[in-house]
>>> print(open('input36.pdb').read())   # PDB, C-alpha atoms and all ligand atoms
ATOM      1  CA  MET A  58      -3.628  38.893 -24.809
ATOM      2  CA  LYS A  59      -6.196  36.627 -23.123
ATOM      3  CA  ARG A  60      -5.460  35.586 -19.557
ATOM      4  CA  ALA A  61      -7.006  32.826 -17.448
ATOM      5  CA  PHE A  62      -6.321  31.702 -13.882
ATOM      6  CA  VAL A  63      -6.625  28.878 -11.408
ATOM      7  CA  VAL A  64      -7.622  30.161  -7.985
ATOM      8  CA  GLY A  65      -7.460  28.271  -4.684
ATOM      9  CA  PHE A  66      -5.704  28.275  -1.355
ATOM     10  CA  PRO A  67      -3.110  26.854  -1.195
ATOM     11  CA  ILE A  68      -2.433  26.693  -4.940
ATOM     12  CA  SER A  69       1.237  25.757  -5.420
ATOM     13  CA  HIS A  70       0.312  22.051  -5.829
ATOM     14  CA  SER A  71      -1.935  22.736  -8.840
ATOM     15  CA  ARG A  72      -0.860  21.202 -12.158
ATOM     16  CA  SER A  73      -3.445  23.235 -14.097
ATOM     17  CA  PRO A  74      -0.898  25.902 -15.233
ATOM     18  CA  LEU A  75       1.316  23.123 -16.631
ATOM     19  CA  ILE A  76      -1.610  21.585 -18.548
ATOM     20  CA  HIS A  77      -3.103  24.797 -19.974
ATOM     21  CA  ASN A  78       0.235  26.412 -20.849
ATOM     22  CA  PHE A  79       1.231  23.184 -22.659
ATOM     23  CA  TRP A  80      -1.903  23.484 -24.807
ATOM     24  CA  LEU A  81      -1.472  27.242 -25.383
ATOM     25  CA  LYS A  82       2.032  26.592 -26.710
ATOM     26  CA  LYS A  83       1.000  23.527 -28.715
ATOM     27  CA  TYR A  84      -1.838  25.351 -30.505
ATOM     28  CA  GLY A  85       0.124  28.618 -30.898
ATOM     29  CA  ILE A  86      -2.380  30.705 -28.901
ATOM     30  CA  ALA A  87      -0.984  33.987 -27.556
ATOM     31  CA  ALA A  88      -2.474  33.809 -24.055
ATOM     32  CA  GLU A  89      -1.404  32.948 -20.551
ATOM     33  CA  TYR A  90      -2.720  30.873 -17.656
ATOM     34  CA  VAL A  91      -1.548  31.734 -14.150
ATOM     35  CA  SER A  92      -2.157  30.513 -10.611
ATOM     36  CA  LYS A  93      -3.660  32.838  -8.008
ATOM     37  CA  ALA A  94      -3.427  32.109  -4.309
ATOM     38  CA  VAL A  95      -6.351  33.983  -2.776
ATOM     39  CA  GLU A  96      -7.210  33.755   0.905
ATOM     40  CA  ALA A  97     -10.758  33.120   2.102
ATOM     41  CA  ASP A  98     -11.488  36.730   3.095
ATOM     42  CA  ARG A  99     -10.779  37.944  -0.476
ATOM     43  CA  ILE A 100     -12.223  35.149  -2.615
ATOM     44  CA  LYS A 101     -15.685  36.645  -3.169
ATOM     45  CA  THR A 102     -14.171  39.973  -4.233
ATOM     46  CA  PHE A 103     -11.774  38.198  -6.594
ATOM     47  CA  LEU A 104     -14.506  36.078  -8.211
ATOM     48  CA  ALA A 105     -16.826  39.084  -8.509
ATOM     49  CA  GLY A 106     -14.268  41.190 -10.396
ATOM     50  CA  PHE A 107     -11.621  39.059 -12.145
ATOM     51  CA  GLU A 108     -12.389  40.688 -15.511
ATOM     52  CA  ALA A 109     -11.157  44.038 -14.104
ATOM     53  CA  GLU A 110      -7.792  42.296 -13.536
ATOM     54  CA  GLY A 111      -7.705  41.358 -17.230
ATOM     55  CA  PHE A 112      -8.890  37.744 -16.925
ATOM     56  CA  CYS A 113     -11.425  36.173 -19.308
ATOM     57  CA  GLY A 114     -12.103  33.380 -16.813
ATOM     58  CA  GLY A 115     -10.459  30.607 -14.904
ATOM     59  CA  ASN A 116     -10.563  27.457 -12.842
ATOM     60  CA  VAL A 117     -11.634  27.358  -9.238
ATOM     61  CA  THR A 118     -10.222  24.667  -6.980
ATOM     62  CA  LEU A 119     -10.307  23.648  -3.297
ATOM     63  CA  PRO A 120     -11.740  25.059  -1.124
ATOM     64  CA  TYR A 121     -13.755  27.498  -3.251
ATOM     65  CA  LYS A 122     -15.858  25.498  -5.743
ATOM     66  CA  GLU A 123     -19.071  25.977  -3.727
ATOM     67  CA  ILE A 124     -18.440  29.730  -3.253
ATOM     68  CA  ALA A 125     -17.866  30.025  -7.013
ATOM     69  CA  PHE A 126     -21.234  28.330  -7.617
ATOM     70  CA  GLU A 127     -22.927  30.990  -5.482
ATOM     71  CA  GLN A 128     -21.094  33.824  -7.259
ATOM     72  CA  CYS A 129     -22.238  32.878 -10.780
ATOM     73  CA  GLN A 130     -25.301  34.386 -12.411
ATOM     74  CA  GLN A 131     -25.687  31.476 -14.864
ATOM     75  CA  VAL A 132     -24.658  27.889 -14.154
ATOM     76  CA  THR A 133     -24.701  24.860 -16.474
ATOM     77  CA  GLU A 134     -26.686  21.732 -15.591
ATOM     78  CA  SER A 135     -23.461  20.069 -14.358
ATOM     79  CA  GLY A 136     -22.801  23.002 -12.032
ATOM     80  CA  ARG A 137     -26.384  22.979 -10.761
ATOM     81  CA  LYS A 138     -26.310  19.244 -10.063
ATOM     82  CA  THR A 139     -23.059  19.394  -8.127
ATOM     83  CA  LYS A 140     -23.686  22.844  -6.580
ATOM     84  CA  ALA A 141     -20.016  23.458  -7.328
ATOM     85  CA  VAL A 142     -18.229  25.331 -10.106
ATOM     86  CA  ASN A 143     -14.663  24.598 -11.239
ATOM     87  CA  THR A 144     -14.741  26.679 -14.436
ATOM     88  CA  ILE A 145     -15.858  30.309 -14.636
ATOM     89  CA  TRP A 146     -16.057  32.780 -17.513
ATOM     90  CA  MET A 147     -17.818  35.968 -18.667
ATOM     91  CA  GLU A 148     -20.500  35.880 -21.377
ATOM     92  CA  GLY A 149     -22.745  38.794 -22.330
ATOM     93  CA  GLY A 150     -21.702  40.638 -19.180
ATOM     94  CA  LYS A 151     -22.704  37.697 -16.938
ATOM     95  CA  ARG A 152     -20.586  35.396 -14.809
ATOM     96  CA  PHE A 153     -21.052  31.801 -16.028
ATOM     97  CA  GLY A 154     -20.038  28.619 -14.210
ATOM     98  CA  ASP A 155     -19.639  24.948 -15.128
ATOM     99  CA  ASN A 156     -18.399  21.821 -13.388
ATOM    100  CA  THR A 157     -16.183  19.902 -15.816
ATOM    101  CA  ASP A 158     -15.282  17.192 -13.271
ATOM    102  CA  ILE A 159     -18.293  15.151 -14.453
ATOM    103  CA  GLU A 160     -17.029  15.158 -18.028
ATOM    104  CA  GLY A 161     -13.469  14.510 -16.808
ATOM    105  CA  PHE A 162     -14.551  11.492 -14.765
ATOM    106  CA  LEU A 163     -16.527   9.957 -17.653
ATOM    107  CA  ALA A 164     -13.925  10.677 -20.345
ATOM    108  CA  ASN A 165     -11.168   9.130 -18.208
ATOM    109  CA  LEU A 166     -13.094   5.891 -17.609
ATOM    110  CA  ASP A 167     -14.139   5.741 -21.283
ATOM    111  CA  ALA A 168     -10.480   6.033 -22.299
ATOM    112  CA  GLU A 169      -9.056   3.626 -19.694
ATOM    113  CA  VAL A 170     -11.823   1.003 -19.592
ATOM    114  CA  PRO A 171     -13.864   1.248 -22.823
ATOM    115  CA  GLY A 172     -17.414  -0.120 -22.443
ATOM    116  CA  TRP A 173     -17.366   0.070 -18.620
ATOM    117  CA  SER A 174     -20.827   1.615 -18.351
ATOM    118  CA  GLN A 175     -22.598  -1.112 -20.359
ATOM    119  CA  ASP A 176     -21.539  -3.739 -17.810
ATOM    120  CA  CYS A 177     -22.111  -1.633 -14.715
ATOM    121  CA  GLN A 178     -25.126  -2.758 -12.692
ATOM    122  CA  ARG A 179     -23.953  -1.324  -9.361
ATOM    123  CA  ALA A 180     -21.388   1.367  -8.575
ATOM    124  CA  ALA A 181     -19.923   1.955  -5.105
ATOM    125  CA  VAL A 182     -18.637   5.462  -4.381
ATOM    126  CA  ILE A 183     -16.427   6.137  -1.354
ATOM    127  CA  GLY A 184     -16.893   9.743  -0.218
ATOM    128  CA  ALA A 185     -19.732  12.262   0.017
ATOM    129  CA  GLY A 186     -17.982  15.548  -0.792
ATOM    130  CA  GLY A 187     -17.828  17.652  -3.954
ATOM    131  CA  ALA A 188     -15.932  15.079  -6.009
ATOM    132  CA  ALA A 189     -18.396  12.330  -5.002
ATOM    133  CA  ARG A 190     -21.254  14.505  -6.247
ATOM    134  CA  ALA A 191     -19.542  14.973  -9.636
ATOM    135  CA  VAL A 192     -18.819  11.239  -9.945
ATOM    136  CA  ILE A 193     -22.396  10.321  -8.968
ATOM    137  CA  ALA A 194     -23.763  12.833 -11.498
ATOM    138  CA  GLY A 195     -21.608  11.076 -14.140
ATOM    139  CA  LEU A 196     -22.953   7.680 -13.092
ATOM    140  CA  ALA A 197     -26.526   9.020 -13.312
ATOM    141  CA  LYS A 198     -25.804  10.342 -16.817
ATOM    142  CA  ARG A 199     -24.765   6.837 -17.871
ATOM    143  CA  ARG A 200     -27.895   5.399 -16.226
ATOM    144  CA  THR A 201     -26.100   3.203 -13.698
ATOM    145  CA  PRO A 202     -28.998   1.340 -12.033
ATOM    146  CA  GLU A 203     -27.755   0.846  -8.474
ATOM    147  CA  LEU A 204     -25.552   2.909  -6.193
ATOM    148  CA  THR A 205     -23.821   2.315  -2.860
ATOM    149  CA  ILE A 206     -22.357   5.339  -1.039
ATOM    150  CA  VAL A 207     -19.687   4.699   1.612
ATOM    151  CA  ASN A 208     -18.610   7.593   3.842
ATOM    152  CA  ARG A 209     -17.119   8.380   7.246
ATOM    153  CA  SER A 210     -19.684  11.022   8.218
ATOM    154  CA  ARG A 211     -23.172   9.451   8.234
ATOM    155  CA  GLU A 212     -24.804  12.848   8.293
ATOM    156  CA  ARG A 213     -23.070  14.076   5.139
ATOM    157  CA  MET A 214     -23.821  10.747   3.443
ATOM    158  CA  SER A 215     -27.521  10.805   4.226
ATOM    159  CA  GLN A 216     -27.778  14.439   3.118
ATOM    160  CA  LEU A 217     -26.162  13.511  -0.202
ATOM    161  CA  ALA A 218     -28.434  10.463  -0.581
ATOM    162  CA  ASP A 219     -31.500  12.704  -0.060
ATOM    163  CA  GLU A 220     -30.271  15.241  -2.617
ATOM    164  CA  ILE A 221     -29.692  12.633  -5.327
ATOM    165  CA  ALA A 222     -32.894  10.688  -4.635
ATOM    166  CA  ASP A 223     -34.437  11.850  -7.939
ATOM    167  CA  TRP A 224     -31.333  11.413 -10.131
ATOM    168  CA  GLY A 225     -32.659   8.119 -11.564
ATOM    169  CA  PHE A 226     -30.950   5.402  -9.471
ATOM    170  CA  ARG A 227     -33.178   2.382  -8.777
ATOM    171  CA  THR A 228     -31.588   1.879  -5.355
ATOM    172  CA  ILE A 229     -29.210   3.934  -3.191
ATOM    173  CA  GLN A 230     -27.516   2.113  -0.289
ATOM    174  CA  GLN A 231     -25.584   3.956   2.440
ATOM    175  CA  ARG A 232     -22.691   2.288   4.295
ATOM    176  CA  PRO A 233     -20.527   3.916   6.989
ATOM    177  CA  LEU A 234     -16.824   3.722   6.126
ATOM    178  CA  GLU A 235     -15.069   1.349   8.489
ATOM    179  CA  VAL A 236     -11.549   0.007   8.320
ATOM    180  CA  ARG A 237     -11.256  -3.206   6.281
ATOM    181  CA  HIS A 238     -15.032  -3.760   6.170
ATOM    182  CA  ARG A 239     -16.907  -5.211   3.207
ATOM    183  CA  HIS A 240     -19.076  -2.354   1.985
ATOM    184  CA  PHE A 241     -19.517  -2.825  -1.708
ATOM    185  CA  ASP A 242     -22.496  -5.135  -2.347
ATOM    186  CA  GLN A 243     -20.926  -6.940  -5.356
ATOM    187  CA  ALA A 244     -20.413  -3.634  -7.175
ATOM    188  CA  ASN A 245     -18.961  -3.776 -10.716
ATOM    189  CA  LEU A 246     -17.381  -0.348 -10.290
ATOM    190  CA  LEU A 247     -15.682   1.147  -7.229
ATOM    191  CA  ILE A 248     -14.575   4.780  -7.130
ATOM    192  CA  ASN A 249     -12.588   6.415  -4.336
ATOM    193  CA  THR A 250     -13.463  10.110  -4.198
ATOM    194  CA  THR A 251     -11.982  10.803  -0.747
ATOM    195  CA  SER A 252      -8.535  12.264  -0.219
ATOM    196  CA  LEU A 253      -7.467   9.069   1.610
ATOM    197  CA  GLY A 254      -4.438   7.516  -0.059
ATOM    198  CA  MET A 255      -3.171  10.896  -1.276
ATOM    199  CA  VAL A 256       0.398  11.988  -0.449
ATOM    200  CA  GLY A 257       0.407  13.215   3.164
ATOM    201  CA  LYS A 258      -3.017  11.672   4.010
ATOM    202  CA  PRO A 259      -3.821   8.391   5.785
ATOM    203  CA  PRO A 260      -4.248   5.313   3.565
ATOM    204  CA  LEU A 261      -7.663   4.079   2.462
ATOM    205  CA  GLU A 262      -8.131   0.734   4.146
ATOM    206  CA  VAL A 263     -11.066  -1.168   2.672
ATOM    207  CA  SER A 264     -11.631  -4.801   1.789
ATOM    208  CA  LEU A 265     -12.153  -5.553  -1.908
ATOM    209  CA  ASP A 266     -13.554  -9.009  -1.069
ATOM    210  CA  ASP A 267     -17.145  -8.226  -1.984
ATOM    211  CA  LEU A 268     -16.591  -6.585  -5.361
ATOM    212  CA  ALA A 269     -17.964  -8.448  -8.395
ATOM    213  CA  ASP A 270     -15.361 -10.566 -10.232
ATOM    214  CA  ASP A 271     -15.485  -8.270 -13.278
ATOM    215  CA  ALA A 272     -15.129  -5.056 -11.245
ATOM    216  CA  VAL A 273     -13.331  -1.882 -12.306
ATOM    217  CA  VAL A 274     -11.558   0.131  -9.576
ATOM    218  CA  ASN A 275     -11.055   3.869 -10.099
ATOM    219  CA  ASP A 276      -9.150   6.087  -7.668
ATOM    220  CA  ILE A 277      -9.510   9.793  -8.483
ATOM    221  CA  VAL A 278      -6.469  10.590  -6.310
ATOM    222  CA  TYR A 279      -3.565  11.311  -8.710
ATOM    223  CA  ALA A 280      -0.674  12.017  -6.298
ATOM    224  CA  PRO A 281       0.641   9.349  -6.040
ATOM    225  CA  MET A 282      -0.393   8.088  -9.461
ATOM    226  CA  GLU A 283      -0.644   4.533  -8.180
ATOM    227  CA  THR A 284      -2.360   4.489  -4.799
ATOM    228  CA  GLU A 285      -2.406   1.535  -2.425
ATOM    229  CA  LEU A 286      -6.041   0.938  -3.506
ATOM    230  CA  LEU A 287      -5.022   0.619  -7.161
ATOM    231  CA  ARG A 288      -2.067  -1.628  -6.293
ATOM    232  CA  GLU A 289      -4.320  -3.965  -4.323
ATOM    233  CA  ALA A 290      -6.942  -3.947  -7.104
ATOM    234  CA  LYS A 291      -4.278  -4.832  -9.692
ATOM    235  CA  ARG A 292      -2.950  -7.598  -7.473
ATOM    236  CA  ARG A 293      -6.461  -9.073  -7.450
ATOM    237  CA  ARG A 294      -6.689  -8.689 -11.246
ATOM    238  CA  PHE A 295      -9.466  -6.076 -11.300
ATOM    239  CA  ARG A 296      -9.314  -3.548 -14.124
ATOM    240  CA  VAL A 297      -8.088  -0.164 -12.831
ATOM    241  CA  ALA A 298      -8.110   3.535 -13.731
ATOM    242  CA  GLY A 299      -6.170   6.259 -11.912
ATOM    243  CA  GLY A 300      -7.058   9.915 -11.287
ATOM    244  CA  LEU A 301      -4.597  11.663 -13.601
ATOM    245  CA  GLY A 302      -6.778  11.114 -16.681
ATOM    246  CA  MET A 303      -9.714  12.789 -14.908
ATOM    247  CA  LEU A 304      -7.534  15.817 -14.160
ATOM    248  CA  LEU A 305      -6.456  16.075 -17.823
ATOM    249  CA  HIS A 306      -9.932  15.480 -19.271
ATOM    250  CA  GLN A 307     -11.660  17.985 -16.958
ATOM    251  CA  ALA A 308      -9.234  20.640 -18.210
ATOM    252  CA  ALA A 309     -10.149  20.244 -21.903
ATOM    253  CA  PRO A 310     -13.722  21.688 -21.851
ATOM    254  CA  ALA A 311     -12.510  24.571 -19.633
ATOM    255  CA  PHE A 312      -9.737  25.441 -22.112
ATOM    256  CA  GLU A 313     -12.308  25.436 -24.921
ATOM    257  CA  ARG A 314     -14.562  27.881 -23.013
ATOM    258  CA  TRP A 315     -11.818  30.499 -22.692
ATOM    259  CA  PHE A 316      -9.724  29.954 -25.811
ATOM    260  CA  GLY A 317     -12.263  28.610 -28.344
ATOM    261  CA  LEU A 318     -10.500  25.377 -29.270
ATOM    262  CA  ARG A 319     -11.019  21.863 -27.915
ATOM    263  CA  PRO A 320      -7.532  20.585 -26.977
ATOM    264  CA  GLU A 321      -6.470  16.964 -27.165
ATOM    265  CA  VAL A 322      -5.405  14.867 -24.181
ATOM    266  CA  THR A 323      -2.291  13.204 -25.591
ATOM    267  CA  SER A 324       0.341  10.834 -24.216
ATOM    268  CA  GLU A 325       2.846  13.709 -24.491
ATOM    269  CA  LEU A 326       0.764  15.804 -22.066
ATOM    270  CA  ARG A 327       0.229  12.846 -19.752
ATOM    271  CA  ASP A 328       4.006  12.175 -19.660
ATOM    272  CA  LEU A 329       4.722  15.834 -18.881
ATOM    273  CA  VAL A 330       2.310  15.902 -15.925
ATOM    274  CA  GLU A 331       3.447  12.461 -14.718
ATOM    275  CA  GLN A 332       7.044  13.665 -14.615
ATOM    276  CA  ASP A 333       6.003  16.793 -12.744
ATOM    277  CA  LEU A 334       4.055  14.746 -10.198
ATOM    278  CA  GLN A 335       7.245  12.888  -9.391
ATOM    279  CA  ARG A 336       8.896  16.150  -8.343
ATOM    280  CA  PRO A 337       8.105  17.277  -4.793
ATOM    281  CA  ARG A 338       6.172  20.561  -4.436
ATOM    282  CA  SER A 339       5.927  22.785  -1.403
TER     283      SER A 339
HETATM  284  N1  LIG B 401      -8.610  13.594 -10.407
HETATM  285  C1  LIG B 401      -9.294  14.723 -10.430
HETATM  286  O1  LIG B 401      -9.402  15.391 -11.458
HETATM  287  C2  LIG B 401      -9.995  15.218  -9.194
HETATM  288  C3  LIG B 401     -11.079  16.113  -9.302
HETATM  289  C4  LIG B 401     -11.716  16.564  -8.136
HETATM  290  C5  LIG B 401     -11.264  16.120  -6.893
HETATM  291  N2  LIG B 401     -10.207  15.256  -6.830
HETATM  292  C6  LIG B 401      -9.720  14.788  -5.515
HETATM  293  O2  LIG B 401     -10.807  14.240  -4.784
HETATM  294  C7  LIG B 401     -10.568  14.383  -3.394
HETATM  295  C8  LIG B 401     -11.818  14.874  -2.676
HETATM  296  O3  LIG B 401     -12.171  16.160  -3.115
HETATM  297  P1  LIG B 401     -13.555  16.844  -2.649
HETATM  298  O4  LIG B 401     -13.660  18.112  -3.393
HETATM  299  O5  LIG B 401     -14.691  15.874  -2.746
HETATM  300  O6  LIG B 401     -13.260  17.134  -1.090
HETATM  301  P2  LIG B 401     -14.320  17.309   0.070
HETATM  302  O7  LIG B 401     -15.609  17.903  -0.436
HETATM  303  O8  LIG B 401     -13.597  17.971   1.191
HETATM  304  O9  LIG B 401     -14.672  15.784   0.525
HETATM  305  C9  LIG B 401     -13.693  14.978   1.122
HETATM  306  C10 LIG B 401     -14.202  13.534   1.292
HETATM  307  O10 LIG B 401     -13.102  12.768   1.836
HETATM  308  C11 LIG B 401     -13.522  12.191   3.087
HETATM  309  N3  LIG B 401     -12.383  12.176   4.016
HETATM  310  C12 LIG B 401     -11.416  13.139   4.159
HETATM  311  N4  LIG B 401     -10.546  12.771   5.139
HETATM  312  C13 LIG B 401     -10.979  11.563   5.618
HETATM  313  C14 LIG B 401     -10.501  10.676   6.624
HETATM  314  N5  LIG B 401      -9.393  10.957   7.341
HETATM  315  N6  LIG B 401     -11.164   9.528   6.837
HETATM  316  C15 LIG B 401     -12.289   9.233   6.112
HETATM  317  N7  LIG B 401     -12.794  10.030   5.134
HETATM  318  C16 LIG B 401     -12.145  11.191   4.901
HETATM  319  C17 LIG B 401     -14.645  13.077   3.590
HETATM  320  O11 LIG B 401     -15.438  12.342   4.491
HETATM  321  P3  LIG B 401     -16.382  13.092   5.579
HETATM  322  O12 LIG B 401     -17.642  13.464   4.856
HETATM  323  O13 LIG B 401     -16.602  12.041   6.621
HETATM  324  O14 LIG B 401     -15.622  14.280   6.075
HETATM  325  C18 LIG B 401     -15.369  13.391   2.262
HETATM  326  O15 LIG B 401     -16.182  12.304   1.874
HETATM  327  C19 LIG B 401      -9.359  15.332  -3.263
HETATM  328  O16 LIG B 401      -8.235  14.538  -2.955
HETATM  329  C20 LIG B 401      -9.223  15.931  -4.646
HETATM  330  O17 LIG B 401      -7.873  16.253  -4.971
HETATM  331  C21 LIG B 401      -9.579  14.788  -7.936
END
>>> encode(input="input36.pdb", output="structure tokens", more="lines below")
Ligand SMILES: NC(=O)c1ccc[n+]([C@@H]2O[C@H](COP(=O)([O-])OP(=O)(O)OC[C@H]3O[C@@H](n4cnc5c(N)ncnc54)[C@H](OP(=O)(O)O)[C@@H]3O)[C@@H](O)[C@H]2O)c1
Amino acid sequence: MKRAFVVGFPISHSRSPLIHNFWLKKYGIAAEYVSKAVEADRIKTFLAGFEAEGFCGGNVTLPYKEIAFEQCQQVTESGRKTKAVNTIWMEGGKRFGDNTDIEGFLANLDAEVPGWSQDCQRAAVIGAGGAARAVIAGLAKRRTPELTIVNRSRERMSQLADEIADWGFRTIQQRPLEVRHRHFDQANLLINTTSLGMVGKPPLEVSLDDLADDAVVNDIVYAPMETELLREAKRRRFRVAGGLGMLLHQAAPAFERWFGLRPEVTSELRDLVEQDLQRPRS
């Protein structure tokens, strides 16, 4: 029986087992998907030898996506661009890695706001971490002309701006994140990729005053499903997309890698995960 994992630390919050086991049951595949809590001092050993534990591959989540990138012998273009791997598998005796967050981000926006990329002249991305990199790689794929990055740490922001300088953006603006400031340069798309607004984290306090009138606001935080940012954007009649769809859509290409079948993101799956998100986890 094939086995796959999600590894991170902590891991009890992860909804990946719920998603993948739903699909395994739905498609009648005799396999299992389990969560593995692995502490930092053991992660390299785990990633270097998961096949000896009977796994065909798995997902890697916080805080190990960059370590997983380093542990792979072959990495897809998405993994190389983001320098982070969230999906790992064995092929021809080699450890392969991919980053499916890019695909998840794009598929979610395509589903929630069809045609968004045709109208998008400028995108503003809040954050400069791993998720920001994946989102910016998605924006580059769709040839978004102009980009504004907004982040607390100026150093991390300018390092990211340097690294993406040849990704095809016509202009890249950098703006330090400051409470209730106008940072967005009339952007048509705003994406929060920080953990601000997530359950247990401080709120994201930004002014939406200088977004374009036709703007789309996407928060990749999915717990809670409706963040304060999305509530405020709705109140101002911007089109919105939450983070749950990204989580579901990033899982589909990973499932296909291990189990050979592209699963569907359905309303039944979304309802199942939504209900689970309403239950507190330790
Ligand atoms: N929906 C999905 O499928 C999906 C996929 C991937 C990630 N995510 C979510 O995206 C979020 C970020 O993940 P990541 O991998 O990019 O993490 P990361 O690499 O640690 O980056 C965290 C980002 O959040 C900012 N930040 C954190 N605390 C802050 C604070 N108190 N004030 C201001 N900025 C703060 C950091 O700013 P500094 O640079 O200043 O530290 C950085 O830009 C997580 O909540 C994760 O769950 C969702």
>>> residues_around(input="input36.pdb", residues="segment 133-137 of chain A", least_positions_apart="3", cutoff="12 Å", atoms="all atoms listed in the file", output="ChimeraX atom specification")
/A:122-130,140-146,152-161,187,190-195,197-198,220
>>> atom_distance(input="input36.pdb", atom1="atom N3 of ligand LIG 401 (chain B)", atom2="atom CA of Pro281 of chain A")
16.7 Å
>>> axis_aligned_box(input="input36.pdb", around="ligand LIG 401 (chain B)", padding_each_side="3 Å", output="AutoDock Vina command-line options")
--center_x -12.8 --center_y 13.7 --center_z -2.1 --size_x 15.8 --size_y 14.9 --size_z 24.8
>>> resolve_selection(input="input36.pdb", expression="the PyMOL selection byres (((chain A and resi 245-251) around 7) and not hetatm)", output="PyMOL selection string")
chain A and resi 177-184+188-189+243-244+252-253+268-269+271-277
>>> resolve_selection(input="input36.pdb", expression="the PyMOL selection byres (((chain A and resi 287-289) around 9) and not hetatm)", output="number ranges by chain")
A: 265, 274-276, 283-286, 290-295, 297-299
>>> resolve_selection(input="input36.pdb", expression="the PyMOL selection byres (((chain A and resi 170) around 9) and not hetatm)", output="mmCIF file with C-alpha atoms, in the frame of the given file")
data_model
loop_
_atom_site.group_PDB
_atom_site.id
_atom_site.type_symbol
_atom_site.label_atom_id
_atom_site.label_comp_id
_atom_site.auth_asym_id
_atom_site.auth_seq_id
_atom_site.Cartn_x
_atom_site.Cartn_y
_atom_site.Cartn_z
ATOM 1 C CA ASN A 165 -11.168 9.130 -18.208
ATOM 2 C CA LEU A 166 -13.094 5.891 -17.609
ATOM 3 C CA ASP A 167 -14.139 5.741 -21.283
ATOM 4 C CA ALA A 168 -10.480 6.033 -22.299
ATOM 5 C CA GLU A 169 -9.056 3.626 -19.694
ATOM 6 C CA PRO A 171 -13.864 1.248 -22.823
ATOM 7 C CA GLY A 172 -17.414 -0.120 -22.443
ATOM 8 C CA TRP A 173 -17.366 0.070 -18.620
ATOM 9 C CA VAL A 273 -13.331 -1.882 -12.306
ATOM 10 C CA ARG A 296 -9.314 -3.548 -14.124
ATOM 11 C CA VAL A 297 -8.088 -0.164 -12.831
ATOM 12 C CA ALA A 298 -8.110 3.535 -13.731
#
>>> atom_distance(input="input36.pdb", atom1="atom O17 of ligand LIG 401 (chain B)", atom2="atom CA of Thr205 of chain A")
21.3 Å
>>> residues_around(input="input36.pdb", residues="segment 224-238 of chain A", least_positions_apart="3", cutoff="6 Å", atoms="only C-alpha atoms", output="list in words")
Pro202, Glu203, Leu204, Thr205, Ile206, Val207, Asn208, Arg209, Ile221, Glu262, Val263 and Ser264 of chain A
>>> atom_distance(input="input36.pdb", atom1="atom CA of Asp98 of chain A", atom2="atom O16 of ligand LIG 401 (chain B)")
23.2 Å
>>> closest_residue(input="input36.pdb", among="A:Gln175, A:Ser92, A:Thr139, A:Ser324", to="ligand LIG 401 (chain B)", atoms="all atoms listed in the file")
A:Thr139
>>> residues_around(input="input36.pdb", residues="Gly317 of chain A", least_positions_apart="4", cutoff="12 Å", atoms="all atoms listed in the file", output="ChimeraX atom specification")
/A:59,81,84,86,88,113,309-313
>>> closest_residue(input="input36.pdb", among="A:Gly85, A:Gly115, A:Gly65, A:Gly300", to="ligand LIG 401 (chain B)", atoms="all atoms listed in the file")
A:Gly300
>>> closest_residue(input="input36.pdb", among="A:Leu318, A:Ala185, A:Val256, A:Leu326", to="ligand LIG 401 (chain B)", atoms="only C-alpha atoms and all ligand atoms")
A:Ala185
>>> residues_near_point(input="input36.pdb", point="(-0.6, 13.9, -4.3)", cutoff="9 Å", atoms="all atoms listed in the file", output="count of residues only")
12
>>> closest_residue(input="input36.pdb", among="A:Gly149, A:Gly186, A:Gly302, A:Gly106", to="ligand LIG 401 (chain B)", atoms="all atoms listed in the file")
A:Gly186
>>> closest_residue(input="input36.pdb", among="A:Gln335, A:Thr323, A:Ser210, A:Gln216", to="ligand LIG 401 (chain B)", atoms="all atoms listed in the file")
A:Ser210
>>> residues_near_point(input="input36.pdb", point="(-6.1, 29.0, 0.9)", cutoff="9 Å", atoms="all atoms listed in the file", output="PyMOL selection string")
chain A and resi 65-68+94-97+119-121
>>> closest_residue(input="input36.pdb", among="A:Glu110, A:Glu148, A:Asp223, A:Asp176", to="Asp270 of chain A", atoms="all atoms listed in the file")
A:Asp176
>>> decode(input="input36.pdb", residues="segment 278-282 of chain A", atoms="N, CA, C and O atoms", output="mmCIF file, in the first residue's frame")
data_model
loop_
_atom_site.group_PDB
_atom_site.id
_atom_site.type_symbol
_atom_site.label_atom_id
_atom_site.label_comp_id
_atom_site.auth_asym_id
_atom_site.auth_seq_id
_atom_site.Cartn_x
_atom_site.Cartn_y
_atom_site.Cartn_z
ATOM 1 N N VAL A 278 -4.292 33.768 3.973
ATOM 2 C CA VAL A 278 -4.629 33.195 5.295
ATOM 3 C C VAL A 278 -5.979 32.490 5.163
ATOM 4 O O VAL A 278 -6.902 33.015 4.535
ATOM 5 N N TYR A 279 -6.106 31.268 5.711
ATOM 6 C CA TYR A 279 -7.397 30.557 5.608
ATOM 7 C C TYR A 279 -8.000 30.211 6.961
ATOM 8 O O TYR A 279 -9.071 29.605 7.027
ATOM 9 N N ALA A 280 -7.324 30.577 8.066
ATOM 10 C CA ALA A 280 -7.918 30.375 9.399
ATOM 11 C C ALA A 280 -7.759 31.682 10.176
ATOM 12 O O ALA A 280 -6.644 31.970 10.603
ATOM 13 N N PRO A 281 -8.767 32.538 10.259
ATOM 14 C CA PRO A 281 -10.158 32.297 9.853
ATOM 15 C C PRO A 281 -10.345 32.387 8.330
ATOM 16 O O PRO A 281 -9.502 32.966 7.643
ATOM 17 N N MET A 282 -11.470 31.852 7.862
ATOM 18 C CA MET A 282 -11.709 31.885 6.421
ATOM 19 C C MET A 282 -11.971 33.302 5.933
ATOM 20 O O MET A 282 -11.592 33.658 4.841
#
